[in-house]
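Student: My questions all concern the structure below.
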Amino acid sequence: MTDRLSFGIDIGGTGMKAAIVDLDTGELRSDRYRIDTPKPATPEAMAEVVRELVSHHGWTGSVGCAFPAVVVDGVVGSAANIDRSWLDVDADAVFTQALDVPVHMINDADAAGLAEVQFGAGRGRSGVVLTLTFGTGIGSGLFVDGVLVPNTELGHLELDGHDDAEKRAAASAKKRDDLSWEEWATDRVQPYLRHVEMLFSPSLFILGGGASKKPERWFPHIDIETDFVAAEMANNSGIVGAALIAPGVPGAPNA
């Protein structure tokens with residue numbers, strides 16, 4: 001049986017990493033190669049890094065790319081962690097031209113969610129599943145019976161009169177405000193989860209990001225109606241999710 005392989009690139013505010021992915025298992029079939037995100041992170045500068053990532057692995061097929069922005073039909077709609085010159089740019093076209101192979105882009109939190117639903121904690125779960133990543137901000141991926149509802153950006157919900165709930169509930173807020181795990185979970189994360197719970201009535205929360213590496217420190221302090229579990233795909237989730245949406249992959253956009 002021939003291996004079904006794809007290639008994923010995960011672009012973050014500080015680093016860009018890539019690997020070859022086994023589409024049957026979600027495992028990486030190469031090293032995870034990382035290059036610092038250029039400053040400024042312009043389309044031209046990032047295209048050069050993408051070329052280097054692909055060249056390092058000797059990959060010649062189509063590419064999927066997780067991107068730290070709203071992405072609609074390949075066009076960038078926000079620029080919180082990248083250069084503003086990306087706004088309204090067709091990123092699919094920029095990277096396709098740079099690599100001379102088909103490239104498809106996806107929001108990075110959506111990519112992480114795809115990996116969890118396909119291979120991780122959400123595998124086989126029906127109904128409404130929400131993946132939430134707690135890091136510098138809060139990323140979200142919303143799924144209905146395994147189908148992605150893209151670009152939800154639920155970290156930017158208004159909560160208790162505060163704009164951008166992620167400013168209070170992200171993992172970065174715990175460090176900034178010198179909170180204990182219990183204080184952060186009880187006073188910040190729990191109200192946020194209850195608010196999202198009220199809006200979407202999910203059957204499962206999958207909680208990821210850096211904080212999910214220590215679920216025993218904060219999960220016991222969260223009291224909500226919805227089941228919640230720790231994400232399983234860890235640092236590979238963005239790469240794996242990106243590989244799943246590369247052009248030509250069955251079920252992917254533009255397949």
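Chain labels A, B, ... are given in the sequence in which chains occur in the structure tokens; within each chain residues are numbered consecutively from 1, and ligands are likewise numbered from 1 in the order shown.
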I want to know what sits within 8 Å of Lys17 of chain A, based on only C-alpha atoms, with residues of the same chain fewer than 2 positions away left out; could you give that as a PyMOL selection string?

Tutor: chain A and resi 9-11+15+19+32-35+53+239

Student: Create the file for the chosen residues now, containing N, CA and C atoms and written as an mmCIF file, in the first residue's frame.

Tutor:
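Saved file result_38.cif follows:
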data_model
loop_
_atom_site.group_PDB
_atom_site.id
_atom_site.type_symbol
_atom_site.label_atom_id
_atom_site.label_comp_id
_atom_site.auth_asym_id
_atom_site.auth_seq_id
_atom_site.Cartn_x
_atom_site.Cartn_y
_atom_site.Cartn_z
ATOM 1 N N ILE A 9 2.689 23.511 6.450
ATOM 2 C CA ILE A 9 3.506 24.603 7.001
ATOM 3 C C ILE A 9 2.665 25.339 8.038
ATOM 4 N N ASP A 10 3.237 25.553 9.213
ATOM 5 C CA ASP A 10 2.562 26.262 10.301
ATOM 6 C C ASP A 10 3.289 27.582 10.530
ATOM 7 N N ILE A 11 2.622 28.685 10.191
ATOM 8 C CA ILE A 11 3.225 30.013 10.322
ATOM 9 C C ILE A 11 2.741 30.665 11.607
ATOM 10 N N GLY A 15 7.751 31.993 14.629
ATOM 11 C CA GLY A 15 8.423 30.925 13.883
ATOM 12 C C GLY A 15 7.553 30.326 12.805
ATOM 13 N N ALA A 19 6.669 20.167 7.840
ATOM 14 C CA ALA A 19 7.027 18.742 7.832
ATOM 15 C C ALA A 19 6.143 18.012 6.836
ATOM 16 N N ARG A 32 10.697 18.130 11.817
ATOM 17 C CA ARG A 32 9.923 19.373 11.865
ATOM 18 C C ARG A 32 10.932 20.526 11.795
ATOM 19 N N TYR A 33 11.031 21.106 10.615
ATOM 20 C CA TYR A 33 12.055 22.125 10.361
ATOM 21 C C TYR A 33 11.475 23.500 10.645
ATOM 22 N N ARG A 34 12.215 24.321 11.390
ATOM 23 C CA ARG A 34 11.726 25.626 11.816
ATOM 24 C C ARG A 34 12.686 26.738 11.415
ATOM 25 N N ILE A 35 12.101 27.865 10.980
ATOM 26 C CA ILE A 35 12.851 29.080 10.670
ATOM 27 C C ILE A 35 12.123 30.246 11.337
ATOM 28 N N LEU A 53 11.626 26.281 3.471
ATOM 29 C CA LEU A 53 11.042 25.165 4.211
ATOM 30 C C LEU A 53 10.728 23.995 3.289
ATOM 31 N N ILE A 239 0.817 21.987 11.761
ATOM 32 C CA ILE A 239 1.405 21.358 10.580
ATOM 33 C C ILE A 239 0.469 20.286 10.030
#

Student: I need the strand (DSSP E) residues of segment 22-120 of chain A per DSSP on the backbone, written as an MDAnalysis selection string.

Tutor: chainID A and resid 22 33:36 63:67 71:72 75:76 103:107

Student: Show which residues sit within 12 Å of Arg4 of chain A, as a list in words. Count only C-alpha atoms, and ignore same-chain residues fewer than 4 positions away.

Tutor: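 Final neighbour list, sorted by chain and number: Ile20, Val21, Asp22, Leu23, Asp24, Thr25, Gly26, Glu27, Leu28, Arg29, Ala243, Leu244, Gly248, Val249 and Pro250 of chain A.
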
Student: So which residues touch segment 157-163 of chain A within 9 Å, counting only C-alpha atoms, skipping near sequence neighbours fewer than 4 positions away, as a list in words?

Tutor: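 So the residues in contact are Glu153, Lys167, Arg168, Pro191, Tyr192, His195 and Val196 of chain A.
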
Student: Residues of the last selection are to be written out with C-alpha atoms, as a compact mmCIF listing (two decimals), in the first residue's frame.

Tutor:
# COMPACT_ATOMS: atom_id res chain seq x y z
CA GLU A 153 -12.10 34.10 16.21
CA LYS A 167 -6.89 39.69 27.04
CA ARG A 168 -8.16 38.34 30.36
CA PRO A 191 -16.34 32.56 32.89
CA TYR A 192 -15.06 32.55 29.33
CA HIS A 195 -20.00 32.33 27.91
CA VAL A 196 -18.96 30.28 24.87

Student: Would you mind telling me which residue in A:Asp73, A:Asp92, A:Asp108, A:Glu116 lies nearest to Ile206 of chain A when using only C-alpha atoms?

Tutor: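 Going through A:Asp73, A:Asp92, A:Asp108, A:Glu116 one by one, the smallest distance to Ile206 of chain A is for A:Glu116.
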
Student: List as a PyMOL selection string the protein and nucleic acid residues near Arg125 of chain A, meaning an atom at most 12 Å away when only C-alpha atoms are counted, but skip any in the same chain fewer than 2 places from it.

Tutor: chain A and resi 116-123+127-130+143-147+202-206+227

Student: Can you tell me, as a VMD selection string, what residues are no more than 6 Å from Val63 of chain A when counting only C-alpha atoms, ignoring any on the same chain fewer than 3 positions away?

Tutor: chain A and resid 7 103 246

Student: Save out the residues we just selected, N, CA and C atoms, as a PDB file, in the first residue's frame.

Tutor:
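Listed below is the output, again.pdb:
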ATOM      1  N   PHE A   7       2.019  17.802   2.797  1.00  0.00           N
ATOM      2  CA  PHE A   7       3.015  18.714   3.356  1.00  0.00           C
ATOM      3  C   PHE A   7       2.303  19.889   4.010  1.00  0.00           C
ATOM      4  N   VAL A 103      -0.998  25.880  -3.569  1.00  0.00           N
ATOM      5  CA  VAL A 103      -0.947  26.115  -2.127  1.00  0.00           C
ATOM      6  C   VAL A 103      -2.314  26.590  -1.657  1.00  0.00           C
ATOM      7  N   ALA A 246      -4.173  20.755   2.000  1.00  0.00           N
ATOM      8  CA  ALA A 246      -3.394  20.985   0.779  1.00  0.00           C
ATOM      9  C   ALA A 246      -4.216  20.600  -0.451  1.00  0.00           C
TER      10      ALA A 246
END

Student: Could you go through segment 45-143 of chain A and tell me which residues DSSP, when run on the backbone, assigns to alpha helix (DSSP H), listing them as number ranges by chain?

Tutor: A: 45-57, 91-99, 108-119

Student: Report as a PyMOL selection string all protein, DNA and RNA residues lying within 9 Å of segment 76-81 of chain A, evaluated on only C-alpha atoms, omitting residues in the same chain fewer than 5 positions from it.

Tutor: chain A and resi 12-14+41+67-71+86-91

Student: What does the distance from atom CA of Ala111 of chain A to atom CA of Asp223 of chain A come to in Å, to one decimal?

Tutor: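 Computed distance, atom CA of Ala111 of chain A to atom CA of Asp223 of chain A, equals 27.7 Å.
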
Student: Determine the nearest neighbour of Ala45 of chain A from the options A:Val94, A:Val101, A:Gly208, A:Ala231, counting only C-alpha atoms.

Tutor: A:Val94

Student: Which one is closest to Ser6 of chain A: A:Ser30, A:Ser62, A:Gln190, A:Ser180? Count only C-alpha atoms.

Tutor: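 Result for the nearest residue to Ser6 of chain A: A:Ser62.
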
Student: Calculated over only C-alpha atoms, which of the candidates A:Lys214, A:Ala170, A:His221, A:Asn107 has the smallest distance to Thr186 of chain A?

Tutor: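 With only C-alpha atoms as the atom set, the closest residue is A:His221.
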
Student: Can you work out which one of A:Gly137, A:Ala230, A:Val72, A:Trp184 has the shortest atom-to-atom distance to Asp164 of chain A, counting only C-alpha atoms?

Tutor: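 Residue with the minimum atom-to-atom distance to Asp164 of chain A: A:Gly137.
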
Student: Take atom CA of Ile106 of chain A and atom CA of Ala66 of chain A and report the distance between them in Å, one decimal.

Tutor: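 Going from atom CA of Ile106 of chain A over to atom CA of Ala66 of chain A, I get 5.0 Å.
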